[in-house]
$ cat my_file08.cif   # mmCIF, C-alpha atoms
data_start
#
loop_
_atom_site.label_atom_id
_atom_site.label_comp_id
_atom_site.auth_asym_id
_atom_site.auth_seq_id
_atom_site.Cartn_x
_atom_site.Cartn_y
_atom_site.Cartn_z
CA MET S 1 17.16 218.87 -35.13
CA PRO S 2 14.42 218.77 -37.74
CA GLN S 3 11.78 218.89 -34.99
CA PHE S 4 12.67 222.45 -34.14
CA GLU S 5 12.02 223.79 -37.63
CA SER S 6 9.18 226.12 -36.78
CA HIS S 7 8.10 226.10 -40.41
CA PHE S 8 5.88 223.06 -39.74
CA PHE S 9 4.55 224.10 -36.33
CA SER S 10 1.39 225.77 -37.56
CA SER S 11 0.22 222.88 -39.71
CA LEU S 12 1.15 220.26 -37.09
CA MET S 13 -0.70 222.17 -34.33
CA PHE S 14 -3.72 222.74 -36.51
CA TRP S 15 -4.01 219.13 -37.64
CA GLU S 16 -3.22 217.76 -34.20
CA VAL S 17 -6.07 219.75 -32.66
CA VAL S 18 -8.44 218.82 -35.49
CA SER S 19 -7.48 215.12 -35.42
CA PHE S 20 -7.70 214.96 -31.66
CA ALA S 21 -11.06 216.69 -31.63
CA ILE S 22 -12.42 214.32 -34.26
CA LEU S 23 -11.09 211.27 -32.43
CA LEU S 24 -12.46 212.55 -29.12
CA TRP S 25 -15.86 213.15 -30.68
CA ILE S 26 -16.02 209.74 -32.37
CA LEU S 27 -14.81 207.80 -29.34
CA ALA S 28 -16.90 209.71 -26.79
CA LYS S 29 -20.01 209.26 -28.91
CA TYR S 30 -19.67 205.80 -30.40
CA ALA S 31 -16.96 203.82 -28.58
CA PHE S 32 -16.61 204.64 -24.89
CA PRO S 33 -20.26 204.52 -23.76
CA PRO S 34 -20.96 201.01 -25.07
CA ILE S 35 -17.58 199.67 -23.89
CA LEU S 36 -17.93 201.13 -20.39
CA GLU S 37 -21.49 199.88 -20.24
CA THR S 38 -20.44 196.40 -21.31
CA LEU S 39 -17.62 196.38 -18.76
CA GLU S 40 -19.97 197.43 -15.99
CA ALA S 41 -22.62 194.95 -17.10
CA ARG S 42 -20.01 192.19 -17.07
CA GLU S 43 -18.74 193.19 -13.63
CA ARG S 44 -22.31 193.24 -12.36
CA LYS S 45 -23.00 189.87 -13.95
CA ILE S 46 -19.83 188.32 -12.51
CA ARG S 47 -20.64 189.67 -9.05
CA GLU S 48 -24.20 188.41 -9.27
CA SER S 49 -23.07 185.04 -10.58
CA LEU S 50 -20.58 184.67 -7.75
CA GLU S 51 -23.20 185.60 -5.19
CA GLN S 52 -25.65 183.20 -6.77
CA ALA S 53 -23.02 180.47 -6.81
CA ASP S 54 -22.37 181.10 -3.12
CA ARG S 55 -26.07 180.90 -2.38
CA HIS S 56 -26.43 177.70 -4.39
CA ARG S 57 -23.46 176.12 -2.68
CA ALA S 58 -24.80 176.96 0.76
CA GLU S 59 -28.17 175.51 -0.22
CA ALA S 60 -26.55 172.41 -1.68
CA GLU S 61 -24.55 171.90 1.50
CA ARG S 62 -27.66 172.29 3.62
CA LYS S 63 -29.55 169.79 1.44
CA MET S 64 -26.62 167.42 1.51
CA GLN S 65 -26.60 167.48 5.30
CA GLU S 66 -30.33 166.98 5.31
CA TYR S 67 -30.05 163.99 3.02
CA GLU S 68 -27.18 162.54 4.98
CA ALA S 69 -29.20 162.81 8.17
CA LYS S 70 -32.17 161.21 6.44
CA LEU S 71 -30.00 158.49 5.02
CA ALA S 72 -28.48 157.77 8.41
CA ALA S 73 -31.94 157.58 9.97
CA ALA S 74 -33.19 155.28 7.21
CA SER S 75 -30.14 153.08 7.55
CA LYS S 76 -30.67 152.85 11.31
CA GLU S 77 -34.33 152.00 10.81
CA ALA S 78 -33.48 149.32 8.26
CA GLU S 79 -30.95 147.84 10.66
CA ALA S 80 -33.54 147.74 13.42
CA LEU S 81 -36.10 146.15 11.10
CA PHE S 82 -33.58 143.57 9.98
CA VAL S 83 -32.63 142.66 13.54
CA ALA S 84 -36.28 142.38 14.53
CA ALA S 85 -37.06 140.22 11.51
CA ARG S 86 -34.15 137.93 12.25
CA GLU S 87 -35.19 137.55 15.86
CA ARG S 88 -38.75 136.79 14.84
CA ALA S 89 -37.59 134.24 12.29
CA GLN S 90 -35.41 132.57 14.89
CA ARG S 91 -38.25 132.50 17.38
CA VAL S 92 -40.65 131.03 14.81
CA GLN S 93 -38.09 128.44 13.87
CA GLU S 94 -37.48 127.47 17.46
CA GLU S 95 -41.22 127.25 18.13
CA ASN S 96 -41.68 125.10 15.09
CA GLU S 97 -38.88 122.81 16.11
CA GLN S 98 -40.29 122.46 19.63
CA ARG S 99 -43.79 121.80 18.36
CA LEU S 100 -42.60 119.25 15.83
CA GLN S 101 -40.53 117.51 18.45
CA ALA S 102 -43.46 117.45 20.83
CA ASP S 103 -45.70 116.08 18.08
CA ALA S 104 -43.17 113.41 17.28
CA GLU S 105 -42.85 112.49 20.95
CA ARG S 106 -46.62 112.28 21.33
CA ILE S 107 -47.03 110.16 18.19
CA LYS S 108 -44.20 107.91 19.31
CA GLY S 109 -45.75 107.55 22.78
CA ASP S 110 -49.17 106.78 21.31
CA ALA S 111 -47.69 104.17 19.02
CA GLN S 112 -45.75 102.64 21.89
CA ARG S 113 -48.83 102.43 24.08
CA GLU S 114 -50.87 100.91 21.24
CA ILE S 115 -48.15 98.37 20.55
CA ASP S 116 -47.98 97.51 24.25
CA ALA S 117 -51.74 97.15 24.47
CA GLU S 118 -51.83 94.95 21.39
CA ARG S 119 -49.03 92.82 22.73
CA ARG S 120 -50.70 92.36 26.07
CA LYS S 121 -53.93 91.49 24.34
CA ALA S 122 -52.16 89.07 22.05
CA ILE S 123 -50.42 87.41 25.00
CA GLN S 124 -53.75 87.15 26.84
CA ASP S 125 -55.37 85.66 23.77
CA ILE S 126 -52.60 83.14 23.38
CA ARG S 127 -52.83 82.28 27.04
CA ASN S 128 -56.59 81.84 26.89
CA GLN S 129 -56.48 79.76 23.77
CA THR S 130 -53.61 77.70 25.12
CA THR S 131 -55.58 77.07 28.32
CA ASP S 132 -58.67 76.05 26.35
CA LEU S 133 -56.55 73.81 24.18
CA ALA S 134 -54.83 72.26 27.16
CA LEU S 135 -58.19 71.67 28.87
CA LEU S 136 -59.51 70.05 25.78
CA VAL S 137 -56.49 67.74 25.61
CA ALA S 138 -56.64 67.02 29.31
CA GLU S 139 -60.43 66.17 29.13
CA LYS S 140 -59.71 63.76 26.43
CA VAL S 141 -56.84 62.24 28.37
CA VAL S 142 -58.45 62.17 31.80
CA GLY S 143 -61.74 61.11 30.35
CA ARG S 144 -63.70 62.99 32.82
CA SER S 145 -64.65 66.43 33.16
CA LEU S 146 -63.21 68.50 35.87
CA ASN S 147 -65.14 71.46 37.09
CA ASP S 148 -64.21 74.77 35.80
CA ALA S 149 -62.28 75.86 38.86
CA ASP S 150 -60.23 72.74 38.78
CA HIS S 151 -59.49 73.35 35.18
CA ARG S 152 -58.26 76.76 35.84
CA ARG S 153 -56.06 75.80 38.69
CA LEU S 154 -54.55 72.88 36.82
CA ALA S 155 -54.01 74.93 33.71
CA ASP S 156 -52.32 77.74 35.60
CA GLU S 157 -50.04 75.25 37.31
CA ALA S 158 -49.17 73.71 34.00
CA LEU S 159 -48.57 77.07 32.43
CA ALA S 160 -46.39 78.25 35.28
CA ALA S 161 -44.41 75.00 34.91
CA ALA S 162 -44.21 75.57 31.20
CA ALA S 163 -43.15 79.22 31.69
CA LYS S 164 -40.51 78.10 34.17
CA GLN S 165 -39.33 75.53 31.72
CA PHE S 166 -39.37 78.17 28.99
CA GLN S 167 -37.39 80.66 31.06
CA LYS S 168 -34.83 78.01 31.89
CA ASN S 169 -34.11 77.33 28.32
CA MET O 1 24.36 206.08 -48.74
CA GLU O 2 25.20 207.67 -45.37
CA GLU O 3 22.21 209.37 -43.79
CA SER O 4 21.93 211.53 -40.72
CA PRO O 5 20.31 209.55 -37.92
CA LEU O 6 17.92 212.46 -37.58
CA HIS O 7 16.83 212.12 -41.19
CA PRO O 8 13.65 210.18 -40.28
CA PHE O 9 12.36 213.21 -38.37
CA GLU O 10 12.50 215.53 -41.36
CA LEU O 11 9.19 216.66 -42.80
CA HIS O 12 8.39 217.76 -46.30
CA GLU O 13 5.37 219.63 -47.49
CA LEU O 14 3.26 217.26 -49.57
CA ILE O 15 0.18 219.37 -50.27
CA PRO O 16 0.47 223.06 -49.49
CA ILE O 17 -2.73 224.44 -47.95
CA SER O 18 -3.31 227.79 -46.40
CA LEU O 19 -6.27 228.72 -44.17
CA PHE O 20 -6.76 232.43 -43.56
CA GLY O 21 -3.04 232.92 -43.96
CA LEU O 22 -2.29 230.02 -41.61
CA ASP O 23 -0.07 227.37 -43.18
CA ILE O 24 -1.84 224.04 -42.70
CA SER O 25 0.02 222.12 -45.38
CA ILE O 26 -0.27 218.35 -45.41
CA ASN O 27 2.93 216.50 -44.56
CA LYS O 28 3.80 212.97 -43.50
CA ALA O 29 3.14 213.64 -39.80
CA VAL O 30 -0.33 214.96 -40.61
CA ILE O 31 -1.12 211.88 -42.69
CA LEU O 32 0.04 209.70 -39.80
CA MET O 33 -2.29 211.63 -37.47
CA TRP O 34 -5.19 210.77 -39.77
CA ILE O 35 -4.16 207.13 -39.80
CA VAL O 36 -3.96 207.21 -36.00
CA VAL O 37 -7.46 208.65 -35.80
CA GLY O 38 -8.78 206.15 -38.34
CA LEU O 39 -7.24 203.08 -36.72
CA ALA O 40 -8.07 204.08 -33.15
CA ALA O 41 -11.65 204.94 -34.08
CA ALA O 42 -12.07 201.71 -36.06
CA LEU O 43 -10.68 199.52 -33.29
CA LEU O 44 -12.68 201.09 -30.49
CA VAL O 45 -15.94 201.64 -32.38
CA ILE O 46 -16.00 198.16 -33.92
CA GLY O 47 -14.70 196.57 -30.73
CA GLY O 48 -17.23 198.49 -28.69
CA SER O 49 -20.16 197.65 -30.92
CA ALA O 50 -19.96 193.91 -30.19
CA ARG O 51 -21.16 194.31 -26.57
CA LYS O 52 -21.08 190.58 -25.91
CA MET O 53 -20.88 189.15 -22.41
CA VAL O 54 -18.21 186.78 -23.68
CA PRO O 55 -16.10 189.21 -25.70
CA THR O 56 -14.84 188.71 -29.24
CA LYS O 57 -11.12 189.28 -29.86
CA LEU O 58 -11.48 192.87 -31.04
CA GLN O 59 -14.00 193.61 -28.30
CA SER O 60 -11.55 192.19 -25.78
CA LEU O 61 -8.79 194.45 -27.07
CA ALA O 62 -11.00 197.54 -26.92
CA GLU O 63 -12.24 196.61 -23.46
CA ILE O 64 -8.74 196.00 -22.12
CA LEU O 65 -7.72 199.44 -23.39
CA VAL O 66 -10.75 201.14 -21.85
CA ASP O 67 -10.49 199.21 -18.60
CA PHE O 68 -6.79 200.11 -18.37
CA ILE O 69 -7.53 203.83 -18.70
CA ARG O 70 -10.44 203.54 -16.29
CA GLY O 71 -8.02 201.96 -13.81
CA ILE O 72 -5.59 204.87 -14.20
CA ILE O 73 -8.36 207.42 -13.61
CA LEU O 74 -9.84 205.57 -10.62
CA ASP O 75 -6.37 205.22 -9.08
CA THR O 76 -5.38 208.85 -9.50
CA MET O 77 -8.65 210.76 -9.34
CA GLY O 78 -11.21 208.41 -7.87
CA LYS O 79 -14.76 207.94 -9.11
CA ASP O 80 -15.27 211.68 -9.71
CA GLY O 81 -12.45 211.59 -12.26
CA MET O 82 -14.61 209.51 -14.60
CA LYS O 83 -16.03 212.72 -16.07
CA PHE O 84 -12.58 213.21 -17.60
CA PHE O 85 -12.66 209.73 -19.05
CA PRO O 86 -13.33 210.61 -22.72
CA LEU O 87 -10.56 213.23 -22.72
CA VAL O 88 -7.98 211.13 -20.88
CA ALA O 89 -8.80 207.98 -22.84
CA THR O 90 -8.58 209.76 -26.18
CA LEU O 91 -5.27 211.29 -25.12
CA PHE O 92 -3.89 207.86 -24.21
CA VAL O 93 -5.19 206.22 -27.37
CA PHE O 94 -3.86 209.03 -29.60
CA ILE O 95 -0.39 208.97 -28.04
CA LEU O 96 -0.21 205.17 -27.90
CA PHE O 97 -1.21 204.74 -31.54
CA SER O 98 1.17 207.51 -32.60
CA ASN O 99 4.05 205.89 -30.73
CA LEU O 100 3.29 202.40 -32.07
CA LEU O 101 2.65 203.39 -35.67
CA GLY O 102 5.92 205.31 -35.66
CA LEU O 103 7.75 202.02 -35.13
CA ILE O 104 6.69 200.76 -38.54
CA PRO O 105 9.64 201.32 -40.88
CA GLY O 106 8.91 204.11 -43.33
CA SER O 107 6.13 205.63 -41.26
CA TYR O 108 6.42 208.69 -39.06
CA THR O 109 6.31 209.14 -35.27
CA VAL O 110 3.90 212.01 -34.68
CA THR O 111 4.93 212.23 -31.02
CA SER O 112 8.57 212.78 -31.94
CA GLN O 113 7.56 216.34 -32.87
CA ILE O 114 8.07 218.64 -29.87
CA ILE O 115 5.23 220.85 -31.01
CA VAL O 116 2.79 217.94 -30.94
CA THR O 117 3.71 216.85 -27.42
CA ALA O 118 3.83 220.48 -26.31
CA VAL O 119 0.27 221.12 -27.50
CA PHE O 120 -0.96 218.11 -25.52
CA ALA O 121 1.06 218.97 -22.43
CA VAL O 122 0.19 222.67 -22.38
CA SER O 123 -3.49 221.94 -23.10
CA VAL O 124 -3.74 219.42 -20.27
CA TYR O 125 -1.90 221.70 -17.88
CA ALA O 126 -3.97 224.73 -18.89
CA LEU O 127 -7.13 222.69 -18.42
CA SER O 128 -6.02 221.65 -14.94
CA VAL O 129 -5.26 225.24 -13.94
CA ALA O 130 -8.52 226.54 -15.40
CA LEU O 131 -10.41 223.75 -13.64
CA GLY O 132 -8.65 224.55 -10.36
CA PHE O 133 -9.67 228.21 -10.49
CA MET O 134 -13.20 227.31 -11.56
CA LEU O 135 -13.70 224.86 -8.69
CA HIS O 136 -11.77 226.60 -5.92
CA GLY O 137 -11.54 230.22 -7.02
CA ILE O 138 -8.63 232.17 -5.61
CA LYS O 139 -8.04 229.43 -3.04
CA PHE O 140 -6.53 227.39 -5.87
CA LEU O 141 -3.38 229.46 -5.42
CA GLY O 142 -2.97 227.39 -2.27
CA ILE O 143 -1.59 224.69 -4.52
CA LEU O 144 1.67 226.67 -4.30
CA VAL O 145 1.77 226.03 -0.54
CA PRO O 146 2.21 222.40 0.41
CA PRO O 147 0.07 221.48 3.42
CA GLY O 148 1.88 221.92 6.75
CA THR O 149 4.33 224.57 5.52
CA PRO O 150 5.33 226.92 8.36
CA GLY O 151 4.62 230.60 7.65
CA TRP O 152 8.25 231.72 7.64
CA LEU O 153 9.03 229.25 4.83
CA LEU O 154 6.43 230.75 2.50
CA PRO O 155 8.84 233.15 0.73
CA LEU O 156 10.97 230.12 -0.13
CA MET O 157 8.25 227.59 -0.83
CA ILE O 158 6.12 229.68 -3.15
CA PRO O 159 8.86 230.28 -5.74
CA ILE O 160 9.91 226.63 -5.56
CA GLU O 161 6.34 225.40 -6.02
CA LEU O 162 5.82 227.92 -8.80
CA VAL O 163 8.81 226.53 -10.65
CA SER O 164 7.65 222.97 -10.06
CA GLN O 165 4.21 223.90 -11.39
CA LEU O 166 5.66 225.51 -14.50
CA ALA O 167 7.96 222.55 -15.00
CA ARG O 168 4.96 220.28 -15.26
CA PRO O 169 3.94 221.02 -18.87
CA VAL O 170 7.56 221.34 -19.95
CA SER O 171 8.60 218.00 -18.50
CA LEU O 172 5.43 216.38 -19.80
CA ALA O 173 6.11 217.57 -23.34
CA VAL O 174 9.86 217.00 -23.35
CA ARG O 175 9.67 213.53 -21.80
CA LEU O 176 7.48 212.10 -24.55
CA PHE O 177 9.26 213.96 -27.36
CA ALA O 178 12.74 212.99 -26.11
CA ASN O 179 11.87 209.33 -25.60
CA MET O 180 10.36 209.00 -29.04
CA THR O 181 13.20 210.89 -30.68
CA ALA O 182 15.96 209.06 -28.82
CA GLY O 183 14.64 205.62 -29.65
CA HIS O 184 14.42 206.35 -33.33
CA THR O 185 17.77 208.10 -33.37
CA ILE O 186 19.42 205.06 -31.82
CA LEU O 187 17.72 202.86 -34.39
CA GLY O 188 18.96 205.18 -37.13
CA VAL O 189 22.53 205.11 -35.82
CA LEU O 190 22.48 201.34 -35.52
CA PHE O 191 21.13 200.97 -39.06
CA GLY O 192 23.85 203.30 -40.26
CA LEU O 193 26.42 201.11 -38.58
CA ALA O 194 24.86 197.97 -39.97
CA ILE O 195 25.00 199.30 -43.51
CA GLY O 196 28.45 200.83 -43.05
CA GLY O 197 29.91 197.75 -41.40
CA GLY O 198 29.13 195.45 -44.27
CA LEU O 199 28.48 191.72 -43.89
CA LEU O 200 31.53 190.99 -41.77
CA ILE O 201 30.63 193.11 -38.75
CA GLY O 202 27.37 194.74 -39.77
CA TRP O 203 25.23 191.91 -38.45
CA LEU O 204 26.02 192.96 -34.88
CA PRO O 205 24.41 196.44 -34.97
CA PHE O 206 21.65 194.94 -37.09
CA ALA O 207 20.90 192.42 -34.35
CA PHE O 208 20.82 195.33 -31.92
CA THR O 209 18.23 197.11 -34.03
CA ILE O 210 15.97 194.10 -33.65
CA ALA O 211 16.38 194.11 -29.88
CA MET O 212 15.91 197.88 -29.82
CA ASN O 213 12.71 197.60 -31.79
CA GLY O 214 11.32 195.25 -29.16
CA LEU O 215 12.37 197.68 -26.47
CA GLU O 216 10.78 200.55 -28.40
CA VAL O 217 7.40 198.79 -28.37
CA GLY O 218 7.63 198.71 -24.58
CA ILE O 219 8.69 202.35 -24.47
CA ALA O 220 5.78 203.28 -26.74
CA PHE O 221 3.37 201.83 -24.16
CA ILE O 222 5.22 203.16 -21.14
CA GLN O 223 5.47 206.73 -22.43
CA ALA O 224 1.79 206.79 -23.37
CA TYR O 225 1.01 205.47 -19.90
CA ILE O 226 3.26 208.01 -18.14
CA PHE O 227 1.80 210.90 -20.10
CA THR O 228 -1.73 209.77 -19.23
CA VAL O 229 -1.02 209.13 -15.54
CA LEU O 230 0.66 212.52 -15.10
CA SER O 231 -2.23 214.21 -16.91
CA CYS O 232 -4.60 212.51 -14.48
CA VAL O 233 -2.48 213.54 -11.50
CA TYR O 234 -2.45 217.19 -12.62
CA LEU O 235 -6.19 217.19 -13.27
CA GLY O 236 -6.76 215.41 -9.96
CA ASP O 237 -4.65 217.96 -8.11
CA ALA O 238 -6.76 220.73 -9.58
CA VAL O 239 -10.01 219.02 -8.60
CA THR O 240 -9.10 218.02 -5.04
CA LEU O 241 -6.49 220.75 -4.30
CA HIS O 242 -3.49 219.07 -2.67
CA GLY O 243 -5.34 215.80 -3.10
CA HIS O 244 -5.84 215.30 0.64
CA GLY O 245 -6.49 211.71 -0.13
CA ASP O 246 -10.11 212.65 -0.91
CA ALA O 247 -9.75 211.19 -4.35
CA HIS O 248 -8.31 207.97 -3.01
CA ALA O 249 -10.98 207.57 -0.39
CA HIS O 250 -13.50 206.51 -3.01
#
$ encode --input "my_file08.cif" --output "structure tokens"
Amino acid sequence: MPQFESHFFSSLMFWEVVSFAILLWILAKYAFPPILETLEARERKIRESLEQADRHRAEAERKMQEYEAKLAAASKEAEALFVAARERAQRVQEENEQRLQADAERIKGDAQREIDAERRKAIQDIRNQTTDLALLVAEKVVGRSLNDADHRRLADEALAAAAKQFQKN
Amino acid sequence: MEESPLHPFELHELIPISLFGLDISINKAVILMWIVVGLAAALLVIGGSARKMVPTKLQSLAEILVDFIRGIILDTMGKDGMKFFPLVATLFVFILFSNLLGLIPGSYTVTSQIIVTAVFAVSVYALSVALGFMLHGIKFLGILVPPGTPGWLLPLMIPIELVSQLARPVSLAVRLFANMTAGHTILGVLFGLAIGGGLLIGWLPFAFTIAMNGLEVGIAFIQAYIFTVLSCVYLGDAVTLHGHGDAHAH
């Protein structure tokens, strides 16, 4: 085998040691320190980032729960306010309806009583005038004056007769 | 032209140089070593200089490589093993780039030279032994006695452990060399068949070379990984002595 030709051993050994020494020197001085440092820095950074992410997540979860609790409370409060407002509105409406109805009843009653009073007055007026008119006619017919009491009695009798007649028809 | 399948492993002196009587002539393998150093340094230095939180493509590549080696060290030696990081990482990068560049047709696989893998393996093993004696003194010889060995087994266990210890650098060197050599030899044989077979049947071995090339890329990674992991294990053994799980406790 060509590899066992000892003729080349000395030069191969010499150059191997020299090359290796040079490579070792270059790498140990210029390559390995920065690479190892960068690797460690990255590992540190990743670890820190993960820890930070964990912390942030925990905080976010806590805040989320807080907000959810707050939201639930606010929602409950709003519900309560809404119910109260609706009840109040209903009560006000009912009160208004009752008051309006009462007002209407009162106005109607007043009007009725006024109408009744006017009617009674009108009937009385008619009666009085009719009596006066009848007396006047009767005075002319009888030609003598009856005293006032007689007048009244006669007139009432006549009116009653007339009313009877009127009711019959 | 029929070629030996081992032809790609032949070296030829390109520029003869001699240093104090030592022959350090430049050949193809040496040039490939320079290219390995240049490419690896360029990738890692440029990739490492970006230092962005969101990495660029080259930075990502460099970081994946570094993170991969860091993972190997942390798995086998624990946090204390990080002081070996530059050595282990350079070893991995050098072997990986050598293996991969060797797959380019016309280039040369540095790690298919037994002397190259042997220098790495013996150096790593020697370092682990030296480290073991430096940290534990004479007690490091205890590595020859697996924990819990009864006293009467010592005459048997010590020679066995001694052999297993000595086999470490040999297996480390031979494994990488053999894998790199075998892959390229198979490729060479298949190419020979493809050319020899002509159009009628030659397409079959040619198709195999394509599949083999894909497989070789995987082997290039795996062998670099195995070499690095075993180096870490040997160094870790020396540091923790039997590795009573101390290293893994970190």
$ closest_atom_pairs --input "my_file08.cif" --of "chain S" --to "chain O" --cutoff "7 Å" --atoms "only C-alpha atoms" --output "CSV"
residue,atom,partner,partner_atom,distance
S:Met1,CA,O:Leu6,CA,6.9
S:Pro2,CA,O:Glu10,CA,5.2
S:Gln3,CA,O:Gln113,CA,5.4
S:Phe9,CA,O:Ile115,CA,6.3
S:Ser10,CA,O:Asp23,CA,6.0
S:Ser11,CA,O:Ile24,CA,3.8
S:Leu12,CA,O:Val30,CA,6.5
S:Met13,CA,O:Val116,CA,6.4
S:Phe14,CA,O:Ile24,CA,6.6
S:Trp15,CA,O:Val30,CA,6.3
S:Glu16,CA,O:Val116,CA,6.8
S:Ser19,CA,O:Val37,CA,6.5
S:Leu23,CA,O:Val37,CA,5.6
S:Leu24,CA,O:Thr90,CA,5.6
S:Ile26,CA,O:Ala41,CA,6.7
S:Leu27,CA,O:Ala41,CA,6.4
S:Ala28,CA,O:Pro86,CA,5.5
S:Tyr30,CA,O:Val45,CA,5.9
S:Ala31,CA,O:Val45,CA,4.5
S:Pro34,CA,O:Gly48,CA,5.8
S:Ile35,CA,O:Gly48,CA,5.0
S:Thr38,CA,O:Arg51,CA,5.7
S:Arg42,CA,O:Met53,CA,6.2
$ closest_residue --input "my_file08.cif" --among "O:Met157, O:Val124, O:Leu199, O:Ala224" --to "O:Leu100" --atoms "all atoms listed in the file"
O:Ala224
$ residues_around --input "my_file08.cif" --residues "stretch 125-132 of chain S" --least-positions-apart "4" --cutoff "10 Å" --atoms "all atoms listed in the file" --output "ChimeraX atom specification"
/S:119-121,136-138,151-152,154-156,158-159
$ resolve_selection --input "my_file08.cif" --expression "the PyMOL selection byres ((chain O and resi 173) around 6)" --output "number ranges by chain"
O: 117-118, 121, 170-172, 174-176
$ write_last_selection --input "my_file08.cif" --atoms "C-alpha atoms" --output "short mmCIF file (atom, residue, chain, number, x, y, z; two decimals), in the frame of the given file"
data_model
loop_
_atom_site.label_atom_id
_atom_site.label_comp_id
_atom_site.auth_asym_id
_atom_site.auth_seq_id
_atom_site.Cartn_x
_atom_site.Cartn_y
_atom_site.Cartn_z
CA THR O 117 3.71 216.85 -27.42
CA ALA O 118 3.83 220.48 -26.31
CA ALA O 121 1.06 218.97 -22.43
CA VAL O 170 7.56 221.34 -19.95
CA SER O 171 8.60 218.00 -18.50
CA LEU O 172 5.43 216.38 -19.80
CA VAL O 174 9.86 217.00 -23.35
CA ARG O 175 9.67 213.53 -21.80
CA LEU O 176 7.48 212.10 -24.55
#
$ decode --input "my_file08.cif" --residues "stretch 132-177 of chain O" --atoms "C-alpha atoms" --output "tab-separated table (two decimals), in the first residue's frame"
chain	number	residue	atom	x	y	z
O	132	GLY	CA	-3.70	11.43	34.17
O	133	PHE	CA	-0.30	11.33	35.86
O	134	MET	CA	-0.30	15.10	36.33
O	135	LEU	CA	-3.72	15.13	38.01
O	136	HIS	CA	-3.59	11.86	39.96
O	137	GLY	CA	0.10	11.05	40.26
O	138	ILE	CA	0.94	7.41	40.72
O	139	LYS	CA	-2.71	6.67	41.52
O	140	PHE	CA	-3.39	7.02	37.80
O	141	LEU	CA	-2.04	3.49	37.42
O	142	GLY	CA	-5.34	2.51	39.03
O	143	ILE	CA	-6.85	2.94	35.59
O	144	LEU	CA	-5.49	-0.57	34.95
O	145	VAL	CA	-7.75	-1.93	37.69
O	146	PRO	CA	-11.44	-1.64	36.95
O	147	PRO	CA	-13.41	-0.67	40.07
O	148	GLY	CA	-14.68	-3.68	42.05
O	149	THR	CA	-12.00	-6.10	40.85
O	150	PRO	CA	-11.27	-8.75	43.50
O	151	GLY	CA	-7.62	-8.90	44.59
O	152	TRP	CA	-6.95	-12.40	43.26
O	153	LEU	CA	-7.96	-11.29	39.75
O	154	LEU	CA	-5.34	-8.53	39.64
O	155	PRO	CA	-2.64	-10.65	37.93
O	156	LEU	CA	-5.14	-11.33	35.15
O	157	MET	CA	-6.83	-7.95	34.96
O	158	ILE	CA	-3.73	-5.77	34.85
O	159	PRO	CA	-2.29	-7.34	31.68
O	160	ILE	CA	-5.71	-7.30	30.03
O	161	GLU	CA	-6.27	-3.64	30.90
O	162	LEU	CA	-2.73	-2.83	29.81
O	163	VAL	CA	-3.41	-4.34	26.40
O	164	SER	CA	-6.74	-2.52	26.15
O	165	GLN	CA	-5.00	0.74	27.04
O	166	LEU	CA	-2.31	0.21	24.42
O	167	ALA	CA	-4.93	-0.77	21.88
O	168	ARG	CA	-6.55	2.61	22.27
O	169	PRO	CA	-4.18	4.69	20.11
O	170	VAL	CA	-3.74	1.84	17.65
O	171	SER	CA	-7.45	1.32	17.13
O	172	LEU	CA	-8.02	5.07	17.00
O	173	ALA	CA	-5.44	5.50	14.25
O	174	VAL	CA	-6.29	2.38	12.26
O	175	ARG	CA	-10.05	2.93	12.36
O	176	LEU	CA	-9.89	6.33	10.67
O	177	PHE	CA	-7.14	5.32	8.23
